[in-house]
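A quick write-up on the structure given underneath.
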Amino acid sequence: MTNIDPKEIYVYAATSDKFAETAKAYMGPWYECLALKAPDYDLAQIVLYKKEFWLGAFLWRRAQCQSYPRDRFLGWHACQQAERLPLVIECLGFQPMHHSPDQPNYGCIALNAALLSLQPDWVDYFGYVPLLVDTHLKASSGFASYFKEAGWTRTTDKNPRAAASHWAKELVPDARAIITAKHLDKAYTGVASPYVDGLLPIQDELLSSFQAAFKEVHDPRENNSHYPLHTLWSCASGRMFRPPRSISY
């Protein structure tokens with residue numbers, strides 16, 4: 001195939017219990033290479049051309065654990081992470097159709113097509129809109145060029161000798177601002193954890209009540225103390241109840 005008509009590209013998506021049979025029919029032994037990368041995934045996609053040839057296949061999962069590159073890229077704190085992690089979708093596996101230099105970059109074409117279809121596919125299966133996708137690549141994977149050409153952002157050190165790289169892409173405009181906002185937009189709260197909200201467990205309005213209560217406590221120090229005791233106690237309490245990056249006095 002030397003030319004790819006975008007109108008002839010089709011993306012088939014399914015959960016793990018239904019994806020294998022279809023993928024094997026198109027990919028043959030390449031499916032086993034993909035399945036070995038991540039046996040535990042939420043949704044899979046295979047990108048087809050004219051419903052006859054496969055261009056690439058992907059395994060996706062809701063982000064489930066902390067990622068230092070992701071946390072640094074987003075700049076969110078621990079409470080936001082606990083509440084909003086399901087809004088991040090991680091690409092666990094990617095298998096592109098290999099191409100020769102005189103052929104189109106099938107992997108990049110497949111990656112772009114998969115992302116265009118990922119949001120509606122995710123809504124169909126799980127009922128909510130994800131905000132961000134990311135992936136962690138080993139230095140030996142050789143797939144970084146696909147993500148770079150598809151417009152993903154490399155958030156980690158660009159040193160080619162780095163052990164791994166982290167790539168991210170927003171699925172909606174201003175996704176980073178939305179996911180790190182002090183209070184999550186109501187359009188996305190349905191999937192968020194019900195156990196945390198905003199900057200819990202202590203809200204900004206409670207800090208003033210802490211200070212008011214501490215002011216009533218007698219200060220046993222001598223008159224030459226430099227900092228008011230109620231201010232010190234308020235700072236200490238805030239540090240105990242909030243992650244360090246969320247405190248600002």
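Residue numbers start at 1 in each chain; chains themselves are named A, B, ... in the order of the structure tokens; ligands are numbered from 1 in the order shown.
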Within 8 Å of Pro96 in chain A using only C-alpha atoms, minus same-chain residues under 6 positions, as an MDAnalysis selection string: chainID A and resid 55:57 106:107 110
Every residue of range 96-157 of chain A that DSSP places in strand (DSSP E or B), as JSON, numbers by chain: {"A": [96, 132, 133, 134, 135, 136, 137, 138, 153, 154]}
Put those residues in a file: C-alpha atoms, as a PDB file, in the first residue's frame.
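Wrote part_6.pdb, looks like this:
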ATOM      1  CA  PRO A  96       2.371  -1.114  14.454  1.00  0.00           C
ATOM      2  CA  LEU A 132      -5.389  12.654  28.929  1.00  0.00           C
ATOM      3  CA  VAL A 133      -3.519   9.685  27.483  1.00  0.00           C
ATOM      4  CA  ASP A 134       0.053   8.716  28.239  1.00  0.00           C
ATOM      5  CA  THR A 135       2.520   5.886  27.822  1.00  0.00           C
ATOM      6  CA  HIS A 136       5.839   4.759  29.269  1.00  0.00           C
ATOM      7  CA  LEU A 137       8.333   3.444  26.742  1.00  0.00           C
ATOM      8  CA  LYS A 138      11.475   1.484  27.391  1.00  0.00           C
ATOM      9  CA  THR A 153       4.678  15.443  24.223  1.00  0.00           C
ATOM     10  CA  ARG A 154       7.752  13.807  25.672  1.00  0.00           C
TER      11      ARG A 154
END
Within 12 Å of Thr15 in chain A, counting only C-alpha atoms, which residues show up once you throw out same-chain ones fewer than 2 positions away? Write them as a compact mmCIF listing (two decimals) with all heavy atoms, in the first residue's frame, please.
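So part_9.txt came out as:
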# COMPACT_ATOMS: atom_id res chain seq x y z
N TYR A 12 -11.70 -0.65 15.08
CA TYR A 12 -12.51 -1.60 15.83
C TYR A 12 -12.03 -1.61 17.28
O TYR A 12 -10.84 -1.76 17.55
CB TYR A 12 -12.39 -3.01 15.24
CG TYR A 12 -13.02 -4.09 16.10
CD1 TYR A 12 -14.39 -4.28 16.13
CD2 TYR A 12 -12.21 -4.91 16.89
CE1 TYR A 12 -14.96 -5.26 16.93
CE2 TYR A 12 -12.77 -5.90 17.69
CZ TYR A 12 -14.15 -6.06 17.70
OH TYR A 12 -14.71 -7.03 18.50
N ALA A 13 -12.96 -1.43 18.22
CA ALA A 13 -12.62 -1.40 19.64
C ALA A 13 -13.44 -2.43 20.39
O ALA A 13 -14.61 -2.67 20.06
CB ALA A 13 -12.87 -0.01 20.22
N ASP A 17 -12.33 -9.43 26.60
CA ASP A 17 -13.00 -10.72 26.38
C ASP A 17 -13.47 -10.90 24.94
O ASP A 17 -13.80 -12.02 24.53
CB ASP A 17 -14.19 -10.86 27.33
CG ASP A 17 -15.18 -9.71 27.19
OD1 ASP A 17 -14.75 -8.60 26.86
OD2 ASP A 17 -16.38 -9.93 27.43
N LYS A 18 -13.49 -9.82 24.14
CA LYS A 18 -13.99 -9.92 22.77
C LYS A 18 -12.96 -9.53 21.71
O LYS A 18 -13.19 -9.75 20.53
CB LYS A 18 -15.23 -9.04 22.61
CG LYS A 18 -16.40 -9.44 23.50
CD LYS A 18 -17.59 -8.51 23.29
CE LYS A 18 -18.76 -8.92 24.19
NZ LYS A 18 -19.92 -8.02 24.01
N PHE A 19 -11.86 -8.95 22.15
CA PHE A 19 -10.91 -8.40 21.18
C PHE A 19 -10.05 -9.46 20.52
O PHE A 19 -9.72 -9.37 19.33
CB PHE A 19 -10.02 -7.37 21.87
CG PHE A 19 -9.00 -6.73 20.97
CD1 PHE A 19 -9.39 -5.81 20.01
CD2 PHE A 19 -7.65 -7.06 21.07
CE1 PHE A 19 -8.46 -5.21 19.17
CE2 PHE A 19 -6.72 -6.47 20.23
CZ PHE A 19 -7.12 -5.54 19.28
N ALA A 20 -9.66 -10.48 21.26
CA ALA A 20 -8.65 -11.43 20.79
C ALA A 20 -9.03 -12.10 19.47
O ALA A 20 -8.21 -12.20 18.55
CB ALA A 20 -8.40 -12.49 21.86
N GLU A 21 -10.26 -12.55 19.35
CA GLU A 21 -10.65 -13.29 18.16
C GLU A 21 -10.52 -12.44 16.90
O GLU A 21 -9.98 -12.88 15.88
CB GLU A 21 -12.09 -13.78 18.31
CG GLU A 21 -12.58 -14.63 17.14
CD GLU A 21 -13.98 -15.16 17.35
OE1 GLU A 21 -14.53 -14.98 18.45
OE2 GLU A 21 -14.53 -15.75 16.39
N THR A 22 -11.02 -11.20 16.96
CA THR A 22 -10.93 -10.31 15.80
C THR A 22 -9.49 -9.94 15.49
O THR A 22 -9.07 -9.93 14.33
CB THR A 22 -11.75 -9.03 16.05
OG1 THR A 22 -13.11 -9.38 16.27
CG2 THR A 22 -11.65 -8.07 14.88
N ALA A 23 -8.72 -9.63 16.54
CA ALA A 23 -7.33 -9.23 16.32
C ALA A 23 -6.51 -10.37 15.70
O ALA A 23 -5.69 -10.14 14.81
CB ALA A 23 -6.72 -8.80 17.64
N PRO A 39 -1.33 -8.19 29.36
CA PRO A 39 -2.51 -9.08 29.38
C PRO A 39 -3.71 -8.47 30.11
O PRO A 39 -4.84 -8.90 29.91
CB PRO A 39 -1.99 -10.32 30.11
CG PRO A 39 -0.84 -9.83 30.94
CD PRO A 39 -0.22 -8.72 30.16
N ASP A 40 -3.46 -7.48 30.97
CA ASP A 40 -4.53 -6.88 31.77
C ASP A 40 -4.83 -5.48 31.27
O ASP A 40 -4.19 -4.51 31.65
CB ASP A 40 -4.10 -6.85 33.25
CG ASP A 40 -5.20 -6.30 34.15
OD1 ASP A 40 -6.37 -6.33 33.73
OD2 ASP A 40 -4.88 -5.83 35.25
N TYR A 41 -5.82 -5.36 30.39
CA TYR A 41 -6.17 -4.05 29.83
C TYR A 41 -7.69 -3.87 29.85
O TYR A 41 -8.45 -4.84 29.98
CB TYR A 41 -5.63 -3.90 28.41
CG TYR A 41 -6.10 -4.96 27.42
CD1 TYR A 41 -7.27 -4.77 26.68
CD2 TYR A 41 -5.38 -6.13 27.23
CE1 TYR A 41 -7.70 -5.74 25.79
CE2 TYR A 41 -5.81 -7.10 26.34
CZ TYR A 41 -6.97 -6.90 25.61
OH TYR A 41 -7.41 -7.86 24.73
N ASP A 42 -8.13 -2.63 29.71
CA ASP A 42 -9.57 -2.32 29.75
C ASP A 42 -10.19 -2.31 28.36
O ASP A 42 -11.32 -2.77 28.17
CB ASP A 42 -9.81 -0.96 30.41
CG ASP A 42 -9.45 -0.97 31.88
OD1 ASP A 42 -9.68 -2.00 32.54
OD2 ASP A 42 -8.94 0.06 32.38
N LEU A 43 -9.47 -1.74 27.39
CA LEU A 43 -10.01 -1.59 26.05
C LEU A 43 -8.88 -1.75 25.03
O LEU A 43 -7.75 -1.33 25.28
CB LEU A 43 -10.64 -0.20 25.88
CG LEU A 43 -11.42 0.06 24.58
CD1 LEU A 43 -12.73 -0.72 24.59
CD2 LEU A 43 -11.70 1.54 24.40
N ALA A 44 -9.21 -2.38 23.92
CA ALA A 44 -8.22 -2.56 22.85
C ALA A 44 -8.80 -2.02 21.55
O ALA A 44 -10.01 -2.01 21.34
CB ALA A 44 -7.85 -4.03 22.70
N GLN A 45 -7.91 -1.57 20.68
CA GLN A 45 -8.30 -1.07 19.36
C GLN A 45 -7.39 -1.68 18.30
O GLN A 45 -6.19 -1.85 18.52
CB GLN A 45 -8.17 0.45 19.28
CG GLN A 45 -9.10 1.25 20.16
CD GLN A 45 -8.77 2.73 20.10
OE1 GLN A 45 -7.62 3.13 20.28
NE2 GLN A 45 -9.76 3.56 19.84
N ILE A 46 -7.98 -1.99 17.16
CA ILE A 46 -7.19 -2.36 16.00
C ILE A 46 -7.63 -1.45 14.85
O ILE A 46 -8.82 -1.27 14.60
CB ILE A 46 -7.35 -3.85 15.62
CG1 ILE A 46 -6.45 -4.19 14.43
CG2 ILE A 46 -8.79 -4.23 15.36
CD1 ILE A 46 -6.35 -5.67 14.14
N PHE A 58 -3.70 -1.40 19.66
CA PHE A 58 -3.40 -0.70 20.91
C PHE A 58 -4.15 -1.34 22.07
O PHE A 58 -5.27 -1.80 21.92
CB PHE A 58 -3.81 0.78 20.81
CG PHE A 58 -3.20 1.49 19.64
CD1 PHE A 58 -3.79 1.43 18.38
CD2 PHE A 58 -2.02 2.21 19.78
CE1 PHE A 58 -3.23 2.08 17.30
CE2 PHE A 58 -1.45 2.85 18.70
CZ PHE A 58 -2.05 2.79 17.46
N LEU A 59 -3.51 -1.32 23.23
CA LEU A 59 -4.12 -1.78 24.47
C LEU A 59 -4.14 -0.60 25.44
O LEU A 59 -3.10 0.01 25.71
CB LEU A 59 -3.34 -2.94 25.09
CG LEU A 59 -3.11 -4.16 24.18
CD1 LEU A 59 -2.30 -5.21 24.93
CD2 LEU A 59 -4.43 -4.75 23.70
N TRP A 60 -5.33 -0.29 25.99
CA TRP A 60 -5.50 0.87 26.86
C TRP A 60 -6.03 0.44 28.22
O TRP A 60 -6.79 -0.52 28.32
CB TRP A 60 -6.49 1.87 26.25
CG TRP A 60 -6.18 2.31 24.86
CD1 TRP A 60 -6.66 1.78 23.70
CD2 TRP A 60 -5.32 3.39 24.47
NE1 TRP A 60 -6.15 2.45 22.61
CE2 TRP A 60 -5.33 3.45 23.05
CE3 TRP A 60 -4.55 4.32 25.17
CZ2 TRP A 60 -4.60 4.39 22.33
CZ3 TRP A 60 -3.82 5.26 24.46
CH2 TRP A 60 -3.85 5.30 23.05
N ARG A 61 -5.66 1.19 29.24
CA ARG A 61 -6.15 0.92 30.59
C ARG A 61 -6.22 2.23 31.38
O ARG A 61 -5.39 3.12 31.19
CB ARG A 61 -5.23 -0.06 31.32
CG ARG A 61 -5.74 -0.47 32.71
CD ARG A 61 -4.74 -1.38 33.40
NE ARG A 61 -3.51 -0.67 33.75
CZ ARG A 61 -2.44 -1.26 34.28
NH1 ARG A 61 -2.43 -2.56 34.49
NH2 ARG A 61 -1.36 -0.54 34.58
N ASP A 121 -15.15 5.74 21.84
CA ASP A 121 -15.11 4.32 22.22
C ASP A 121 -15.14 4.17 23.74
O ASP A 121 -15.84 3.31 24.28
CB ASP A 121 -13.84 3.66 21.67
CG ASP A 121 -13.88 3.47 20.17
OD1 ASP A 121 -14.98 3.53 19.59
OD2 ASP A 121 -12.80 3.29 19.56
N TRP A 122 -14.39 5.02 24.43
CA TRP A 122 -14.33 4.93 25.89
C TRP A 122 -15.69 5.29 26.50
O TRP A 122 -16.13 4.67 27.47
CB TRP A 122 -13.24 5.86 26.42
CG TRP A 122 -12.77 5.48 27.79
CD1 TRP A 122 -13.23 5.97 28.98
CD2 TRP A 122 -11.76 4.52 28.11
NE1 TRP A 122 -12.57 5.37 30.03
CE2 TRP A 122 -11.66 4.48 29.52
CE3 TRP A 122 -10.94 3.70 27.35
CZ2 TRP A 122 -10.77 3.65 30.18
CZ3 TRP A 122 -10.03 2.87 28.01
CH2 TRP A 122 -9.96 2.84 29.40
N ASP A 124 -18.59 4.86 25.06
CA ASP A 124 -19.50 3.75 24.77
C ASP A 124 -19.34 2.62 25.78
O ASP A 124 -20.33 2.02 26.21
CB ASP A 124 -19.25 3.21 23.36
CG ASP A 124 -19.75 4.16 22.28
OD1 ASP A 124 -20.56 5.05 22.61
OD2 ASP A 124 -19.34 4.01 21.12
N TYR A 125 -18.11 2.32 26.15
CA TYR A 125 -17.87 1.17 27.03
C TYR A 125 -17.90 1.52 28.51
O TYR A 125 -18.31 0.69 29.33
CB TYR A 125 -16.52 0.53 26.68
CG TYR A 125 -16.58 -0.38 25.47
CD1 TYR A 125 -16.21 0.09 24.21
CD2 TYR A 125 -17.02 -1.69 25.58
CE1 TYR A 125 -16.26 -0.73 23.10
CE2 TYR A 125 -17.08 -2.52 24.47
CZ TYR A 125 -16.70 -2.03 23.23
OH TYR A 125 -16.77 -2.85 22.13
N PHE A 126 -17.45 2.73 28.87
CA PHE A 126 -17.28 3.04 30.30
C PHE A 126 -18.07 4.26 30.76
O PHE A 126 -18.09 4.56 31.94
CB PHE A 126 -15.79 3.22 30.62
CG PHE A 126 -14.96 2.04 30.21
CD1 PHE A 126 -14.06 2.15 29.16
CD2 PHE A 126 -15.08 0.82 30.85
CE1 PHE A 126 -13.29 1.06 28.76
CE2 PHE A 126 -14.32 -0.27 30.46
CZ PHE A 126 -13.43 -0.16 29.41
Can you tell me, as a PDB file with all heavy atoms, in the first residue's frame, what residues are no more than 12 Å from Asp174 in chain A when counting only C-alpha atoms, ignoring any on the same chain fewer than 4 positions away?
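This is the output file part_22.pdb:
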ATOM      1  N   LEU A  74       1.952  16.942  35.089  1.00  0.00           N
ATOM      2  CA  LEU A  74       0.670  17.549  35.434  1.00  0.00           C
ATOM      3  C   LEU A  74       0.803  18.568  36.555  1.00  0.00           C
ATOM      4  O   LEU A  74       0.086  19.564  36.591  1.00  0.00           O
ATOM      5  CB  LEU A  74      -0.329  16.468  35.840  1.00  0.00           C
ATOM      6  CG  LEU A  74      -0.802  15.527  34.729  1.00  0.00           C
ATOM      7  CD1 LEU A  74      -1.707  14.443  35.293  1.00  0.00           C
ATOM      8  CD2 LEU A  74      -1.530  16.309  33.643  1.00  0.00           C
ATOM      9  N   LEU A 131      -9.519  12.576  29.876  1.00  0.00           N
ATOM     10  CA  LEU A 131      -8.913  13.871  29.568  1.00  0.00           C
ATOM     11  C   LEU A 131      -7.527  13.764  28.947  1.00  0.00           C
ATOM     12  O   LEU A 131      -7.127  14.620  28.162  1.00  0.00           O
ATOM     13  CB  LEU A 131      -8.811  14.713  30.847  1.00  0.00           C
ATOM     14  CG  LEU A 131     -10.123  15.199  31.452  1.00  0.00           C
ATOM     15  CD1 LEU A 131      -9.865  15.887  32.789  1.00  0.00           C
ATOM     16  CD2 LEU A 131     -10.813  16.162  30.502  1.00  0.00           C
ATOM     17  N   LEU A 132      -6.801  12.720  29.308  1.00  0.00           N
ATOM     18  CA  LEU A 132      -5.389  12.654  28.929  1.00  0.00           C
ATOM     19  C   LEU A 132      -5.006  11.208  28.662  1.00  0.00           C
ATOM     20  O   LEU A 132      -5.530  10.293  29.304  1.00  0.00           O
ATOM     21  CB  LEU A 132      -4.531  13.218  30.068  1.00  0.00           C
ATOM     22  CG  LEU A 132      -3.029  13.350  29.828  1.00  0.00           C
ATOM     23  CD1 LEU A 132      -2.737  14.697  29.168  1.00  0.00           C
ATOM     24  CD2 LEU A 132      -2.258  13.262  31.146  1.00  0.00           C
ATOM     25  N   LYS A 169      -0.496  13.081  25.839  1.00  0.00           N
ATOM     26  CA  LYS A 169      -1.250  13.885  24.872  1.00  0.00           C
ATOM     27  C   LYS A 169      -2.622  14.204  25.454  1.00  0.00           C
ATOM     28  O   LYS A 169      -3.292  13.327  26.008  1.00  0.00           O
ATOM     29  CB  LYS A 169      -1.412  13.148  23.540  1.00  0.00           C
ATOM     30  CG  LYS A 169      -2.022  14.017  22.433  1.00  0.00           C
ATOM     31  CD  LYS A 169      -1.983  13.307  21.103  1.00  0.00           C
ATOM     32  CE  LYS A 169      -2.575  14.163  19.988  1.00  0.00           C
ATOM     33  NZ  LYS A 169      -1.804  15.412  19.765  1.00  0.00           N
ATOM     34  N   GLU A 170      -3.022  15.458  25.333  1.00  0.00           N
ATOM     35  CA  GLU A 170      -4.331  15.883  25.813  1.00  0.00           C
ATOM     36  C   GLU A 170      -5.414  15.437  24.837  1.00  0.00           C
ATOM     37  O   GLU A 170      -5.254  15.553  23.621  1.00  0.00           O
ATOM     38  CB  GLU A 170      -4.368  17.402  25.975  1.00  0.00           C
ATOM     39  CG  GLU A 170      -3.420  17.934  27.041  1.00  0.00           C
ATOM     40  CD  GLU A 170      -3.509  19.443  27.190  1.00  0.00           C
ATOM     41  OE1 GLU A 170      -3.898  20.109  26.212  1.00  0.00           O
ATOM     42  OE2 GLU A 170      -3.201  19.954  28.283  1.00  0.00           O
ATOM     43  N   ILE A 178      -7.725  21.488  33.395  1.00  0.00           N
ATOM     44  CA  ILE A 178      -8.968  20.921  33.940  1.00  0.00           C
ATOM     45  C   ILE A 178      -8.666  19.900  35.028  1.00  0.00           C
ATOM     46  O   ILE A 178      -9.274  19.909  36.103  1.00  0.00           O
ATOM     47  CB  ILE A 178      -9.797  20.269  32.815  1.00  0.00           C
ATOM     48  CG1 ILE A 178     -10.262  21.322  31.807  1.00  0.00           C
ATOM     49  CG2 ILE A 178     -11.003  19.529  33.390  1.00  0.00           C
ATOM     50  CD1 ILE A 178     -10.916  20.737  30.573  1.00  0.00           C
ATOM     51  N   ILE A 179      -7.716  19.020  34.761  1.00  0.00           N
ATOM     52  CA  ILE A 179      -7.463  17.913  35.679  1.00  0.00           C
ATOM     53  C   ILE A 179      -6.731  18.361  36.939  1.00  0.00           C
ATOM     54  O   ILE A 179      -6.765  17.673  37.962  1.00  0.00           O
ATOM     55  CB  ILE A 179      -6.676  16.795  34.954  1.00  0.00           C
ATOM     56  CG1 ILE A 179      -6.922  15.443  35.627  1.00  0.00           C
ATOM     57  CG2 ILE A 179      -5.194  17.099  34.901  1.00  0.00           C
ATOM     58  CD1 ILE A 179      -6.388  14.271  34.839  1.00  0.00           C
ATOM     59  N   THR A 180      -6.086  19.533  36.890  1.00  0.00           N
ATOM     60  CA  THR A 180      -5.372  20.034  38.069  1.00  0.00           C
ATOM     61  C   THR A 180      -6.077  21.221  38.715  1.00  0.00           C
ATOM     62  O   THR A 180      -5.525  21.843  39.623  1.00  0.00           O
ATOM     63  CB  THR A 180      -3.937  20.452  37.697  1.00  0.00           C
ATOM     64  OG1 THR A 180      -3.981  21.459  36.667  1.00  0.00           O
ATOM     65  CG2 THR A 180      -3.136  19.263  37.200  1.00  0.00           C
ATOM     66  N   ALA A 181      -7.283  21.544  38.250  1.00  0.00           N
ATOM     67  CA  ALA A 181      -8.023  22.664  38.830  1.00  0.00           C
ATOM     68  C   ALA A 181      -8.323  22.396  40.302  1.00  0.00           C
ATOM     69  O   ALA A 181      -8.430  21.243  40.740  1.00  0.00           O
ATOM     70  CB  ALA A 181      -9.322  22.889  38.066  1.00  0.00           C
TER      71      ALA A 181
END
Every residue of range 128-176 of chain A that DSSP places in alpha helix (DSSP H), as a PyMOL selection string: chain A and resi 144-149+175-176
